Structures are given as structure tokens and as C-alpha cells.
$ cat my_file24.pdb   # PDB, C-alpha atoms, pLDDT in the B column
ATOM      1  CA  MET A 197       0.691 -18.524  36.408  1.00 39.00           C
ATOM      2  CA  GLY A 198      -1.975 -19.008  33.725  1.00 41.00           C
ATOM      3  CA  LYS A 199      -4.056 -16.116  35.060  1.00 44.00           C
ATOM      4  CA  LYS A 200      -1.044 -13.797  35.054  1.00 40.00           C
ATOM      5  CA  LEU A 201      -0.247 -14.717  31.431  1.00 33.00           C
ATOM      6  CA  LEU A 202      -3.860 -14.182  30.353  1.00 38.00           C
ATOM      7  CA  SER A 203      -3.957 -10.836  32.162  1.00 45.00           C
ATOM      8  CA  HIS A 204      -0.704  -9.773  30.465  1.00 36.00           C
ATOM      9  CA  LEU A 205      -2.023 -10.742  27.020  1.00 37.00           C
ATOM     10  CA  LYS A 206      -5.239  -8.796  27.595  1.00 46.00           C
ATOM     11  CA  GLU A 207      -3.210  -5.758  28.647  1.00 45.00           C
ATOM     12  CA  ILE A 208      -1.162  -6.000  25.429  1.00 48.00           C
ATOM     13  CA  GLU A 209      -4.307  -6.273  23.290  1.00 64.00           C
ATOM     14  CA  TRP A 210      -5.832  -3.220  24.975  1.00 61.00           C
ATOM     15  CA  LYS A 211      -2.659  -1.227  24.365  1.00 63.00           C
ATOM     16  CA  LEU A 212      -2.673  -2.221  20.696  1.00 68.00           C
ATOM     17  CA  ALA A 213      -6.342  -1.318  20.332  1.00 73.00           C
ATOM     18  CA  VAL A 214      -5.697   2.081  21.904  1.00 71.00           C
ATOM     19  CA  SER A 215      -2.658   2.652  19.666  1.00 73.00           C
ATOM     20  CA  ILE A 216      -4.575   1.844  16.483  1.00 80.00           C
ATOM     21  CA  ALA A 217      -7.627   3.843  17.560  1.00 80.00           C
ATOM     22  CA  GLY A 218      -5.385   6.780  18.495  1.00 78.00           C
ATOM     23  CA  ALA A 219      -3.809   6.709  15.036  1.00 81.00           C
ATOM     24  CA  GLY A 220      -7.290   6.829  13.506  1.00 81.00           C
ATOM     25  CA  VAL A 221      -8.307   9.786  15.683  1.00 82.00           C
ATOM     26  CA  LEU A 222      -5.149  11.724  14.813  1.00 80.00           C
ATOM     27  CA  LEU A 223      -5.704  10.999  11.126  1.00 82.00           C
ATOM     28  CA  ALA A 224      -9.192  12.472  11.525  1.00 81.00           C
ATOM     29  CA  VAL A 225      -7.594  15.547  13.111  1.00 80.00           C
ATOM     30  CA  LEU A 226      -5.285  15.780  10.090  1.00 76.00           C
ATOM     31  CA  SER A 227      -8.320  15.700   7.830  1.00 73.00           C
ATOM     32  CA  GLY A 228      -9.859  18.639   9.674  1.00 71.00           C
ATOM     33  CA  THR A 229      -6.703  20.744   9.923  1.00 71.00           C
ATOM     34  CA  SER A 230      -5.374  20.346   6.345  1.00 67.00           C
ATOM     35  CA  LEU A 231      -1.986  18.972   7.437  1.00 65.00           C
ATOM     36  CA  VAL A 232      -0.844  21.829   9.671  1.00 72.00           C
ATOM     37  CA  TRP A 233       2.539  21.315  11.303  1.00 68.00           C
ATOM     38  CA  TRP A 234       1.306  20.463  14.804  1.00 76.00           C
ATOM     39  CA  SER A 235      -1.169  17.813  13.602  1.00 78.00           C
ATOM     40  CA  LEU A 236       1.526  16.269  11.421  1.00 79.00           C
ATOM     41  CA  ILE A 237       3.900  16.120  14.399  1.00 83.00           C
ATOM     42  CA  LEU A 238       1.233  14.470  16.568  1.00 84.00           C
ATOM     43  CA  PHE A 239       0.345  11.922  13.892  1.00 85.00           C
ATOM     44  CA  GLY A 240       3.974  11.144  13.049  1.00 85.00           C
ATOM     45  CA  GLY A 241       4.999  10.949  16.697  1.00 86.00           C
ATOM     46  CA  TRP A 242       2.174   8.569  17.533  1.00 83.00           C
ATOM     47  CA  LEU A 243       3.127   6.280  14.637  1.00 85.00           C
ATOM     48  CA  LEU A 244       6.798   6.373  15.639  1.00 85.00           C
ATOM     49  CA  GLY A 245       5.828   5.172  19.111  1.00 82.00           C
ATOM     50  CA  PHE A 246       3.654   2.431  17.628  1.00 80.00           C
ATOM     51  CA  TYR A 247       6.366   1.334  15.181  1.00 82.00           C
ATOM     52  CA  PHE A 248       9.312   1.236  17.571  1.00 80.00           C
ATOM     53  CA  SER A 249       7.326  -0.518  20.290  1.00 75.00           C
ATOM     54  CA  GLU A 250       7.377  -3.625  18.114  1.00 63.00           C
ATOM     55  CA  SER A 251      10.065  -6.247  17.567  1.00 62.00           C
ATOM     56  CA  ARG A 252      12.911  -6.029  15.099  1.00 62.00           C
ATOM     57  CA  GLU A 253      10.624  -7.748  12.597  1.00 66.00           C
ATOM     58  CA  ARG A 254       9.103  -4.304  11.965  1.00 72.00           C
ATOM     59  CA  ARG A 255      12.000  -3.548   9.618  1.00 76.00           C
ATOM     60  CA  SER A 256      10.883  -6.204   7.151  1.00 80.00           C
ATOM     61  CA  ILE A 257       7.623  -4.338   6.419  1.00 85.00           C
ATOM     62  CA  GLY A 258       8.675  -0.817   7.365  1.00 86.00           C
ATOM     63  CA  ALA A 259       8.205   0.498   3.814  1.00 88.00           C
ATOM     64  CA  ALA A 260       4.587  -0.676   3.577  1.00 90.00           C
ATOM     65  CA  PHE A 261       3.883   0.717   7.058  1.00 90.00           C
ATOM     66  CA  TRP A 262       5.250   4.212   6.455  1.00 91.00           C
ATOM     67  CA  ILE A 263       4.074   4.541   2.864  1.00 92.00           C
ATOM     68  CA  ALA A 264       0.567   3.570   4.014  1.00 92.00           C
ATOM     69  CA  ALA A 265       0.773   6.310   6.671  1.00 91.00           C
ATOM     70  CA  ILE A 266       1.922   8.903   4.116  1.00 91.00           C
ATOM     71  CA  LEU A 267      -0.802   7.866   1.686  1.00 91.00           C
ATOM     72  CA  ALA A 268      -3.445   8.076   4.412  1.00 90.00           C
ATOM     73  CA  ALA A 269      -2.402  11.633   5.314  1.00 88.00           C
ATOM     74  CA  TRP A 270      -2.179  12.565   1.634  1.00 87.00           C
ATOM     75  CA  GLY A 271      -5.582  10.974   0.959  1.00 86.00           C
ATOM     76  CA  VAL A 272      -7.507  12.799   3.669  1.00 86.00           C
ATOM     77  CA  ASP A 273      -5.889  16.058   2.568  1.00 82.00           C
ATOM     78  CA  VAL A 274      -6.895  15.511  -1.072  1.00 81.00           C
ATOM     79  CA  ALA A 275     -10.420  14.534   0.021  1.00 80.00           C
ATOM     80  CA  SER A 276     -10.827  17.618   2.216  1.00 77.00           C
ATOM     81  CA  HIS A 277      -9.601  20.012  -0.486  1.00 74.00           C
ATOM     82  CA  ALA A 278     -11.777  18.345  -3.131  1.00 75.00           C
ATOM     83  CA  GLY A 279     -14.874  18.731  -0.980  1.00 73.00           C
ATOM     84  CA  ALA A 280     -15.501  14.983  -0.981  1.00 73.00           C
ATOM     85  CA  PRO A 281     -18.438  13.531   0.991  1.00 77.00           C
ATOM     86  CA  LEU A 282     -17.793  12.645   4.617  1.00 76.00           C
ATOM     87  CA  TYR A 283     -17.693   8.914   3.905  1.00 78.00           C
ATOM     88  CA  VAL A 284     -14.514   9.326   1.792  1.00 82.00           C
ATOM     89  CA  PRO A 285     -12.165  10.524   4.589  1.00 81.00           C
ATOM     90  CA  LEU A 286     -13.922   8.165   7.004  1.00 85.00           C
ATOM     91  CA  GLY A 287     -13.254   5.286   4.599  1.00 87.00           C
ATOM     92  CA  ILE A 288      -9.584   6.276   4.388  1.00 86.00           C
ATOM     93  CA  ILE A 289      -9.327   6.371   8.187  1.00 86.00           C
ATOM     94  CA  VAL A 290     -10.963   2.940   8.596  1.00 87.00           C
ATOM     95  CA  ALA A 291      -8.778   1.467   5.834  1.00 89.00           C
ATOM     96  CA  PHE A 292      -5.636   2.851   7.470  1.00 88.00           C
ATOM     97  CA  MET A 293      -6.619   1.371  10.830  1.00 87.00           C
ATOM     98  CA  ALA A 294      -7.149  -1.981   9.091  1.00 88.00           C
ATOM     99  CA  VAL A 295      -3.677  -1.720   7.527  1.00 88.00           C
ATOM    100  CA  LEU A 296      -2.183  -1.004  10.955  1.00 85.00           C
ATOM    101  CA  SER A 297      -3.937  -4.091  12.337  1.00 85.00           C
ATOM    102  CA  VAL A 298      -2.506  -6.267   9.542  1.00 86.00           C
ATOM    103  CA  CYS A 299       0.973  -4.811  10.102  1.00 84.00           C
ATOM    104  CA  GLU A 300       0.681  -5.567  13.797  1.00 80.00           C
ATOM    105  CA  ALA A 301      -0.323  -9.158  13.047  1.00 79.00           C
ATOM    106  CA  LEU A 302       2.666  -9.511  10.705  1.00 81.00           C
ATOM    107  CA  PHE A 303       4.949  -8.031  13.371  1.00 77.00           C
ATOM    108  CA  ARG A 304       3.799 -10.720  15.808  1.00 75.00           C
ATOM    109  CA  PHE A 305       3.797 -13.698  13.372  1.00 73.00           C
ATOM    110  CA  VAL A 306       0.050 -14.233  13.746  1.00 75.00           C
ATOM    111  CA  PHE A 307      -0.462 -15.481  10.180  1.00 79.00           C
ATOM    112  CA  ARG A 308       0.738 -18.895   9.082  1.00 81.00           C
ATOM    113  CA  ASP A 309       1.431 -17.801   5.485  1.00 84.00           C
ATOM    114  CA  ARG A 310       3.022 -14.404   6.124  1.00 85.00           C
ATOM    115  CA  ILE A 311       4.296 -14.033   2.551  1.00 86.00           C
ATOM    116  CA  ALA A 312       0.780 -14.349   1.088  1.00 88.00           C
ATOM    117  CA  VAL A 313      -0.612 -11.831   3.595  1.00 89.00           C
ATOM    118  CA  TYR A 314       2.202  -9.374   2.941  1.00 91.00           C
ATOM    119  CA  SER A 315       1.667  -9.811  -0.810  1.00 90.00           C
ATOM    120  CA  VAL A 316      -1.955  -8.675  -0.395  1.00 91.00           C
ATOM    121  CA  LEU A 317      -0.869  -5.777   1.829  1.00 92.00           C
ATOM    122  CA  ASN A 318       1.718  -4.764  -0.772  1.00 92.00           C
ATOM    123  CA  ILE A 319      -0.936  -4.784  -3.513  1.00 92.00           C
ATOM    124  CA  VAL A 320      -3.342  -2.700  -1.417  1.00 93.00           C
ATOM    125  CA  VAL A 321      -0.689  -0.065  -0.722  1.00 94.00           C
ATOM    126  CA  LEU A 322       0.355  -0.003  -4.389  1.00 94.00           C
ATOM    127  CA  PHE A 323      -3.265   0.443  -5.499  1.00 94.00           C
ATOM    128  CA  SER A 324      -3.750   3.247  -2.970  1.00 93.00           C
ATOM    129  CA  LEU A 325      -0.617   4.957  -4.240  1.00 94.00           C
ATOM    130  CA  PHE A 326      -1.788   4.764  -7.859  1.00 93.00           C
ATOM    131  CA  LEU A 327      -5.285   5.915  -6.911  1.00 91.00           C
ATOM    132  CA  LEU A 328      -3.949   9.025  -5.180  1.00 90.00           C
ATOM    133  CA  PHE A 329      -1.553   9.664  -8.055  1.00 91.00           C
ATOM    134  CA  PHE A 330      -4.374   9.633 -10.600  1.00 91.00           C
ATOM    135  CA  SER A 331      -6.596  11.701  -8.274  1.00 86.00           C
ATOM    136  CA  SER A 332      -3.974  14.448  -7.792  1.00 84.00           C
ATOM    137  CA  PRO A 333      -2.664  17.119 -10.182  1.00 84.00           C
ATOM    138  CA  LEU A 334       0.321  15.989 -12.227  1.00 85.00           C
ATOM    139  CA  THR A 335       3.520  17.585 -10.913  1.00 86.00           C
ATOM    140  CA  TRP A 336       7.173  16.658 -10.653  1.00 87.00           C
ATOM    141  CA  PHE A 337       6.636  16.169  -6.918  1.00 87.00           C
ATOM    142  CA  THR A 338       3.856  13.590  -7.374  1.00 87.00           C
ATOM    143  CA  LEU A 339       5.923  11.794 -10.024  1.00 89.00           C
ATOM    144  CA  VAL A 340       8.983  11.551  -7.763  1.00 90.00           C
ATOM    145  CA  VAL A 341       6.980  10.537  -4.678  1.00 89.00           C
ATOM    146  CA  ALA A 342       4.982   7.891  -6.555  1.00 91.00           C
ATOM    147  CA  GLY A 343       8.032   6.511  -8.374  1.00 92.00           C
ATOM    148  CA  THR A 344      10.064   6.287  -5.174  1.00 93.00           C
ATOM    149  CA  GLY A 345       7.203   4.632  -3.313  1.00 93.00           C
ATOM    150  CA  ILE A 346       6.746   2.000  -6.026  1.00 93.00           C
ATOM    151  CA  ALA A 347      10.462   1.145  -6.095  1.00 93.00           C
ATOM    152  CA  VAL A 348      10.655   0.854  -2.299  1.00 93.00           C
ATOM    153  CA  LEU A 349       7.514  -1.302  -2.077  1.00 93.00           C
ATOM    154  CA  LEU A 350       8.692  -3.661  -4.810  1.00 92.00           C
ATOM    155  CA  ARG A 351      12.121  -4.011  -3.228  1.00 92.00           C
ATOM    156  CA  GLU A 352      10.553  -4.812   0.130  1.00 92.00           C
ATOM    157  CA  TYR A 353       8.271  -7.419  -1.470  1.00 91.00           C
ATOM    158  CA  PHE A 354      11.200  -9.265  -3.037  1.00 90.00           C
ATOM    159  CA  LEU A 355      13.214  -9.146   0.202  1.00 88.00           C
ATOM    160  CA  PHE A 356      10.229 -10.294   2.272  1.00 88.00           C
ATOM    161  CA  GLY A 357       9.912 -13.293  -0.031  1.00 81.00           C
ATOM    162  CA  GLY A 358      13.453 -14.332   0.845  1.00 80.00           C
ATOM    163  CA  ILE A 359      15.165 -13.408  -2.423  1.00 80.00           C
ATOM    164  CA  ALA A 360      18.806 -12.719  -1.571  1.00 73.00           C
ATOM    165  CA  TRP A 361      20.055 -11.037  -4.767  1.00 76.00           C
ATOM    166  CA  ARG A 362      19.926  -7.476  -3.469  1.00 75.00           C
ATOM    167  CA  GLY A 363      21.656  -5.912  -6.483  1.00 79.00           C
ATOM    168  CA  ARG A 364      19.260  -7.497  -8.961  1.00 83.00           C
ATOM    169  CA  ILE A 365      16.310  -6.714  -6.734  1.00 87.00           C
ATOM    170  CA  MET A 366      17.220  -3.028  -6.607  1.00 89.00           C
ATOM    171  CA  LEU A 367      17.733  -2.867 -10.384  1.00 89.00           C
ATOM    172  CA  ALA A 368      14.447  -4.658 -11.073  1.00 89.00           C
ATOM    173  CA  SER A 369      12.521  -2.473  -8.596  1.00 90.00           C
ATOM    174  CA  VAL A 370      13.843   0.812  -9.989  1.00 92.00           C
ATOM    175  CA  THR A 371      13.322  -0.301 -13.606  1.00 91.00           C
ATOM    176  CA  LEU A 372       9.756  -1.429 -12.929  1.00 91.00           C
ATOM    177  CA  SER A 373       9.066   1.812 -11.072  1.00 92.00           C
ATOM    178  CA  LEU A 374      10.254   3.892 -14.036  1.00 92.00           C
ATOM    179  CA  LEU A 375       8.156   1.829 -16.443  1.00 91.00           C
ATOM    180  CA  SER A 376       5.170   2.258 -14.121  1.00 90.00           C
ATOM    181  CA  MET A 377       5.490   6.025 -14.179  1.00 91.00           C
ATOM    182  CA  GLU A 378       5.788   6.058 -17.973  1.00 90.00           C
ATOM    183  CA  LEU A 379       2.655   3.936 -18.265  1.00 90.00           C
ATOM    184  CA  ALA A 380       0.887   6.140 -15.730  1.00 91.00           C
ATOM    185  CA  LEU A 381       1.576   9.202 -17.859  1.00 90.00           C
ATOM    186  CA  ILE A 382       0.158   7.424 -20.916  1.00 89.00           C
ATOM    187  CA  ILE A 383      -2.914   6.210 -19.001  1.00 88.00           C
ATOM    188  CA  ARG A 384      -3.649   9.785 -17.898  1.00 87.00           C
ATOM    189  CA  PHE A 385      -4.494  10.597 -21.525  1.00 85.00           C
ATOM    190  CA  MET A 386      -6.994   7.731 -21.714  1.00 81.00           C
ATOM    191  CA  PRO A 387     -10.707   8.262 -20.929  1.00 80.00           C
ATOM    192  CA  LEU A 388     -10.514   6.292 -17.692  1.00 81.00           C
ATOM    193  CA  SER A 389     -11.513   7.207 -14.154  1.00 83.00           C
ATOM    194  CA  ALA A 390      -8.934   7.361 -11.370  1.00 86.00           C
ATOM    195  CA  ILE A 391     -10.168   4.037  -9.947  1.00 87.00           C
ATOM    196  CA  SER A 392     -10.011   2.279 -13.316  1.00 86.00           C
ATOM    197  CA  SER A 393      -6.561   3.701 -14.068  1.00 88.00           C
ATOM    198  CA  ALA A 394      -5.232   2.651 -10.663  1.00 91.00           C
ATOM    199  CA  ALA A 395      -6.753  -0.839 -10.964  1.00 90.00           C
ATOM    200  CA  PHE A 396      -5.355  -1.349 -14.477  1.00 88.00           C
ATOM    201  CA  LEU A 397      -1.827  -0.242 -13.555  1.00 91.00           C
ATOM    202  CA  THR A 398      -1.861  -2.215 -10.296  1.00 92.00           C
ATOM    203  CA  LEU A 399      -2.873  -5.352 -12.201  1.00 90.00           C
ATOM    204  CA  LEU A 400      -0.034  -4.905 -14.672  1.00 89.00           C
ATOM    205  CA  ILE A 401       2.578  -4.248 -11.973  1.00 90.00           C
ATOM    206  CA  LEU A 402       1.281  -7.207  -9.953  1.00 89.00           C
ATOM    207  CA  LEU A 403       1.746  -9.632 -12.834  1.00 89.00           C
ATOM    208  CA  VAL A 404       5.221  -8.329 -13.714  1.00 89.00           C
ATOM    209  CA  ARG A 405       6.200  -8.368 -10.028  1.00 89.00           C
ATOM    210  CA  ASP A 406       5.134 -12.002  -9.640  1.00 88.00           C
ATOM    211  CA  ALA A 407       6.875 -12.948 -12.891  1.00 88.00           C
ATOM    212  CA  LEU A 408      10.118 -11.367 -11.660  1.00 87.00           C
ATOM    213  CA  SER A 409       9.757 -13.103  -8.308  1.00 86.00           C
ATOM    214  CA  ALA A 410       9.252 -16.443 -10.063  1.00 85.00           C
ATOM    215  CA  HIS A 411      12.290 -15.738 -12.238  1.00 83.00           C
ATOM    216  CA  PHE A 412      14.486 -14.979  -9.221  1.00 82.00           C
ATOM    217  CA  GLU A 413      13.298 -18.204  -7.567  1.00 79.00           C
ATOM    218  CA  GLY A 414      13.713 -20.326 -10.702  1.00 79.00           C
ATOM    219  CA  ARG A 415       9.966 -21.016 -11.082  1.00 83.00           C
ATOM    220  CA  PHE A 416       9.322 -19.014 -14.254  1.00 81.00           C
ATOM    221  CA  ASN A 417       8.346 -21.055 -17.325  1.00 83.00           C
ATOM    222  CA  LEU A 418       6.072 -20.894 -20.363  1.00 84.00           C
ATOM    223  CA  ALA A 419       3.011 -22.118 -18.442  1.00 84.00           C
ATOM    224  CA  PHE A 420       3.517 -19.423 -15.796  1.00 82.00           C
ATOM    225  CA  ALA A 421       3.811 -16.733 -18.483  1.00 84.00           C
ATOM    226  CA  LEU A 422       0.732 -17.898 -20.417  1.00 87.00           C
ATOM    227  CA  ARG A 423      -1.335 -18.100 -17.244  1.00 86.00           C
ATOM    228  CA  GLY A 424      -0.322 -14.550 -16.330  1.00 83.00           C
ATOM    229  CA  ILE A 425      -1.171 -13.239 -19.805  1.00 86.00           C
ATOM    230  CA  VAL A 426      -4.619 -14.871 -19.758  1.00 88.00           C
ATOM    231  CA  ILE A 427      -5.353 -13.466 -16.279  1.00 84.00           C
ATOM    232  CA  PHE A 428      -4.198 -10.011 -17.341  1.00 83.00           C
ATOM    233  CA  LEU A 429      -6.313  -9.962 -20.522  1.00 85.00           C
ATOM    234  CA  PHE A 430      -9.406 -11.185 -18.682  1.00 86.00           C
ATOM    235  CA  ILE A 431      -9.218  -8.778 -15.723  1.00 82.00           C
ATOM    236  CA  ALA A 432      -8.074  -5.871 -17.925  1.00 80.00           C
ATOM    237  CA  ALA A 433     -11.137  -6.413 -20.140  1.00 82.00           C
ATOM    238  CA  LEU A 434     -13.344  -6.329 -17.039  1.00 80.00           C
ATOM    239  CA  ILE A 435     -11.731  -3.114 -15.785  1.00 77.00           C
ATOM    240  CA  LEU A 436     -11.986  -1.354 -19.149  1.00 75.00           C
ATOM    241  CA  GLY A 437     -15.526  -2.631 -19.717  1.00 73.00           C
ATOM    242  CA  THR A 438     -16.799  -1.460 -16.349  1.00 72.00           C
ATOM    243  CA  SER A 439     -14.998   1.867 -16.755  1.00 67.00           C
ATOM    244  CA  PHE A 440     -16.516   2.622 -20.158  1.00 62.00           C
ATOM    245  CA  SER A 441     -19.925   1.569 -18.867  1.00 62.00           C
ATOM    246  CA  GLY A 442     -19.603   4.059 -16.007  1.00 58.00           C
ATOM    247  CA  LEU A 443     -19.505   1.540 -13.134  1.00 53.00           C
ATOM    248  CA  LEU A 444     -16.005   2.558 -11.947  1.00 55.00           C
ATOM    249  CA  GLU A 445     -16.411   6.326 -11.804  1.00 55.00           C
TER
END
$ encode --input "my_file24.pdb" --output "C-alpha cells"
Amino acid sequence: MGKKLLSHLKEIEWKLAVSIAGAGVLLAVLSGTSLVWWSLILFGGWLLGFYFSESRERRSIGAAFWIAAILAAWGVDVASHAGAPLYVPLGIIVAFMAVLSVCEALFRFVFRDRIAVYSVLNIVVLFSLFLLFFSSPLTWFTLVVAGTGIAVLLREYFLFGGIAWRGRIMLASVTLSLLSMELALIIRFMPLSAISSAAFLTLLILLVRDALSAHFEGRFNLAFALRGIVIFLFIAALILGTSFSGLLE
């Protein structure tokens, strides 16, 4: 009985490893084909199979999963058209495979503190979204895609944390998304690199997101607000300092 169970678990792990590796290979194909229709179909079809092979728990982090996939495809396309060094698309591919591994672990309740792990995943996807936004030409399409992605990610974060006020969550997510896009447009006129801009905006959204979450849960108070302001001022000074010194180019 024990040997059969161990054999079954090993078979599952091999299937997962093949699924994640296959997604990485197809993302590399996307990078080399500049998002032609057949490579997009292969990549999307593979991810659909990976996603729907999991439990119903996949729905709770579906936004982070699919937005990460879109950002990965968008990122390798931007890198290929910009003539970036080989390590840039390779880094995107490795990062996407790592995100898939974390999603898989969340699907299967591997982590004890799932909310903390998802919070980190949510931040990583938000930062990636802002980084690609600041690295791409400013168009109505990028504004709509980025704004929609932010709203969806924030809504999923609040729901994953167990906050039941869906109407307030939707209003807060959309409002914060609109404010994020307005700030992003202002930051574009500042002498900051794409990395610095993305880090600064991610930090700001992170603090507001956590403040809203604490408010919904009844934990928000003066000490929480002051602690958030101090953290923001300190890290923002580091980001701006390193950017102006040329370290975050």
C-alpha cells in the first residue's frame, strides 16, 4: 500500500515537472516567433491543460496565474523587439516557471501560511505589470490592459484574504487601479528608470492595499498608518537614491 502511494506521488511530481518545463519551452518558442498565432495557441493550450488539471482551488488565484502568463508572453515579446541580451528573455522564462511552481503549491495547500505566500505572489505580478508598462510605449491599449490587470489582482487579493464585502472590494480595487494609472502617467515624466518607476509605484500600491485590507478587517489604527508611512518614506528614499545614482538603470 505504501509503495503504491509513493509511486503515485512520484508520478504526479513528474507530470508537474513536465508541465512546468513544457510551459517554459513554449514561452521560449514565443520569444523566437514574436507571438505568431500558432505559438500563442500552443502556449495558451498548454496552460489551459495545466490550469484545469488542478482542483477547484485554482479559481482563487486564477487572476494571478493568467496575468502572469500574459505578462510573460508580453515580456519576451518586448525583449525580443528591443534587442535585449539573451539573459533577459531567459530570466523571464525562469521567473515564469517559478511563478507556476508557486501557483501549483498554492493549488495543493503546500504552504502553511497561504495568505502570506499569495501576498508575495501578488506583489511580484504587480511589479512585473508595472515594469512592462513603463518599458512599453504609452498607448490606450497599455493603459487599459494595465489598469484592468491591477483591478483584478487587487480584487483577488482581498477575496483570497477572506474579506466578504464584494461590493466594497470591487469599488476599492477599481478606484485604486485608476489612481495607480494616474500616478503612472505622472511618474513617466520623472527622470526615473523603468525599474525604479515600477518599484516606487508597487511600493505605494502595496501600502495602500494593506491599509485597505486592515480597514476591511477592522485592524486599521493610527499606529498601523504611521508604521506604513515610515516604511514608505524609507524605502521610497532608497529607490529614488539608487535611481539617481544610476544603480537601478
$ closest_residue --input "my_file24.pdb" --among "A:Leu381, A:Ala275, A:Ile435, A:Val348" --to "A:Ser331" --atoms "only C-alpha atoms"
A:Ala275
$ closest_atom_pairs --input "my_file24.pdb" --of "stretch 351-400 of chain A" --to "stretch 235-259 of chain A" --cutoff "12 Å" --atoms "only C-alpha atoms" --output "JSON lines"
{"residue": "A:Arg351", "atom": "CA", "partner": "A:Ala259", "partner_atom": "CA", "distance": 9.2}
{"residue": "A:Glu352", "atom": "CA", "partner": "A:Ala259", "partner_atom": "CA", "distance": 6.9}
{"residue": "A:Tyr353", "atom": "CA", "partner": "A:Ile257", "partner_atom": "CA", "distance": 8.5}
{"residue": "A:Phe354", "atom": "CA", "partner": "A:Ser256", "partner_atom": "CA", "distance": 10.6}
{"residue": "A:Leu355", "atom": "CA", "partner": "A:Ser256", "partner_atom": "CA", "distance": 7.9}
{"residue": "A:Phe356", "atom": "CA", "partner": "A:Ser256", "partner_atom": "CA", "distance": 6.4}
{"residue": "A:Gly357", "atom": "CA", "partner": "A:Ser256", "partner_atom": "CA", "distance": 10.1}
{"residue": "A:Gly358", "atom": "CA", "partner": "A:Ser256", "partner_atom": "CA", "distance": 10.6}
$ write_last_selection --input "my_file24.pdb" --atoms "C-alpha atoms" --output "PDB file, keeping the file's coordinate frame"
ATOM      1  CA  ARG A 351      12.121  -4.011  -3.228  1.00 92.00           C
ATOM      2  CA  GLU A 352      10.553  -4.812   0.130  1.00 92.00           C
ATOM      3  CA  TYR A 353       8.271  -7.419  -1.470  1.00 91.00           C
ATOM      4  CA  PHE A 354      11.200  -9.265  -3.037  1.00 90.00           C
ATOM      5  CA  LEU A 355      13.214  -9.146   0.202  1.00 88.00           C
ATOM      6  CA  PHE A 356      10.229 -10.294   2.272  1.00 88.00           C
ATOM      7  CA  GLY A 357       9.912 -13.293  -0.031  1.00 81.00           C
ATOM      8  CA  GLY A 358      13.453 -14.332   0.845  1.00 80.00           C
TER       9      GLY A 358
END
$ atom_distance --input "my_file24.pdb" --atom1 "atom CA of A:Glu378" --atom2 "atom CA of A:Phe412"
24.4 Å
$ resolve_selection --input "my_file24.pdb" --expression "the PyMOL selection byres ((chain A and resi 301) around 12)" --output "PyMOL selection string"
chain A and resi 209+212+250-251+253-254+257+294-300+302-310+313-314+317
$ write_last_selection --input "my_file24.pdb" --atoms "C-alpha atoms" --output "PDB file, in the coordinates of the input"
ATOM      1  CA  GLU A 209      -4.307  -6.273  23.290  1.00 64.00           C
ATOM      2  CA  LEU A 212      -2.673  -2.221  20.696  1.00 68.00           C
ATOM      3  CA  GLU A 250       7.377  -3.625  18.114  1.00 63.00           C
ATOM      4  CA  SER A 251      10.065  -6.247  17.567  1.00 62.00           C
ATOM      5  CA  GLU A 253      10.624  -7.748  12.597  1.00 66.00           C
ATOM      6  CA  ARG A 254       9.103  -4.304  11.965  1.00 72.00           C
ATOM      7  CA  ILE A 257       7.623  -4.338   6.419  1.00 85.00           C
ATOM      8  CA  ALA A 294      -7.149  -1.981   9.091  1.00 88.00           C
ATOM      9  CA  VAL A 295      -3.677  -1.720   7.527  1.00 88.00           C
ATOM     10  CA  LEU A 296      -2.183  -1.004  10.955  1.00 85.00           C
ATOM     11  CA  SER A 297      -3.937  -4.091  12.337  1.00 85.00           C
ATOM     12  CA  VAL A 298      -2.506  -6.267   9.542  1.00 86.00           C
ATOM     13  CA  CYS A 299       0.973  -4.811  10.102  1.00 84.00           C
ATOM     14  CA  GLU A 300       0.681  -5.567  13.797  1.00 80.00           C
ATOM     15  CA  LEU A 302       2.666  -9.511  10.705  1.00 81.00           C
ATOM     16  CA  PHE A 303       4.949  -8.031  13.371  1.00 77.00           C
ATOM     17  CA  ARG A 304       3.799 -10.720  15.808  1.00 75.00           C
ATOM     18  CA  PHE A 305       3.797 -13.698  13.372  1.00 73.00           C
ATOM     19  CA  VAL A 306       0.050 -14.233  13.746  1.00 75.00           C
ATOM     20  CA  PHE A 307      -0.462 -15.481  10.180  1.00 79.00           C
ATOM     21  CA  ARG A 308       0.738 -18.895   9.082  1.00 81.00           C
ATOM     22  CA  ASP A 309       1.431 -17.801   5.485  1.00 84.00           C
ATOM     23  CA  ARG A 310       3.022 -14.404   6.124  1.00 85.00           C
ATOM     24  CA  VAL A 313      -0.612 -11.831   3.595  1.00 89.00           C
ATOM     25  CA  TYR A 314       2.202  -9.374   2.941  1.00 91.00           C
ATOM     26  CA  LEU A 317      -0.869  -5.777   1.829  1.00 92.00           C
TER      27      LEU A 317
END
$ closest_residue --input "my_file24.pdb" --among "A:Leu350, A:Leu267, A:Ile311, A:Leu372" --to "A:Phe329" --atoms "all atoms listed in the file"
A:Leu267
$ residues_around --input "my_file24.pdb" --residues "A:Leu226" --least-positions-apart "5" --cutoff "10 Å" --atoms "all atoms listed in the file" --output "VMD selection string"
chain A and resid 220 to 221 231 to 236 238 to 239 268 to 270 272 to 273 276
$ write_last_selection --input "my_file24.pdb" --atoms "C-alpha atoms" --output "tab-separated table (two decimals), in the frame of the given file"
chain	number	residue	atom	x	y	z
A	220	GLY	CA	-7.29	6.83	13.51
A	221	VAL	CA	-8.31	9.79	15.68
A	231	LEU	CA	-1.99	18.97	7.44
A	232	VAL	CA	-0.84	21.83	9.67
A	233	TRP	CA	2.54	21.32	11.30
A	234	TRP	CA	1.31	20.46	14.80
A	235	SER	CA	-1.17	17.81	13.60
A	236	LEU	CA	1.53	16.27	11.42
A	238	LEU	CA	1.23	14.47	16.57
A	239	PHE	CA	0.34	11.92	13.89
A	268	ALA	CA	-3.44	8.08	4.41
A	269	ALA	CA	-2.40	11.63	5.31
A	270	TRP	CA	-2.18	12.56	1.63
A	272	VAL	CA	-7.51	12.80	3.67
A	273	ASP	CA	-5.89	16.06	2.57
A	276	SER	CA	-10.83	17.62	2.22
$ resolve_selection --input "my_file24.pdb" --expression "the PyMOL selection byres ((chain A and resi 385-392) around 10)" --output "PyMOL selection string"
chain A and resi 323-324+326-332+380-384+393-398+432+434-440+442-445
$ resolve_selection --input "my_file24.pdb" --expression "the PyMOL selection byres ((chain A and resi 337-347) around 6)" --output "count of residues only"
8
$ atom_distance --input "my_file24.pdb" --atom1 "atom CA of A:Leu286" --atom2 "atom CA of A:Gly218"
14.4 Å
$ atom_distance --input "my_file24.pdb" --atom1 "atom CA of A:Ala213" --atom2 "atom CA of A:Ile319"
24.7 Å
$ closest_residue --input "my_file24.pdb" --among "A:Arg423, A:Leu408, A:Leu399, A:Ala224" --to "A:Tyr283" --atoms "only C-alpha atoms"
A:Ala224
$ axis_aligned_box --input "my_file24.pdb" --around "stretch 350-369 of chain A" --padding-each-side "8 Å" --output "JSON"
{"center_x": 15.0, "center_y": -8.4, "center_z": -4.4, "size_x": 29.4, "size_y": 27.9, "size_z": 29.3}
$ closest_residue --input "my_file24.pdb" --among "A:Leu223, A:Leu334, A:Ile427, A:Met377" --to "A:Ile266" --atoms "only C-alpha atoms"
A:Leu223
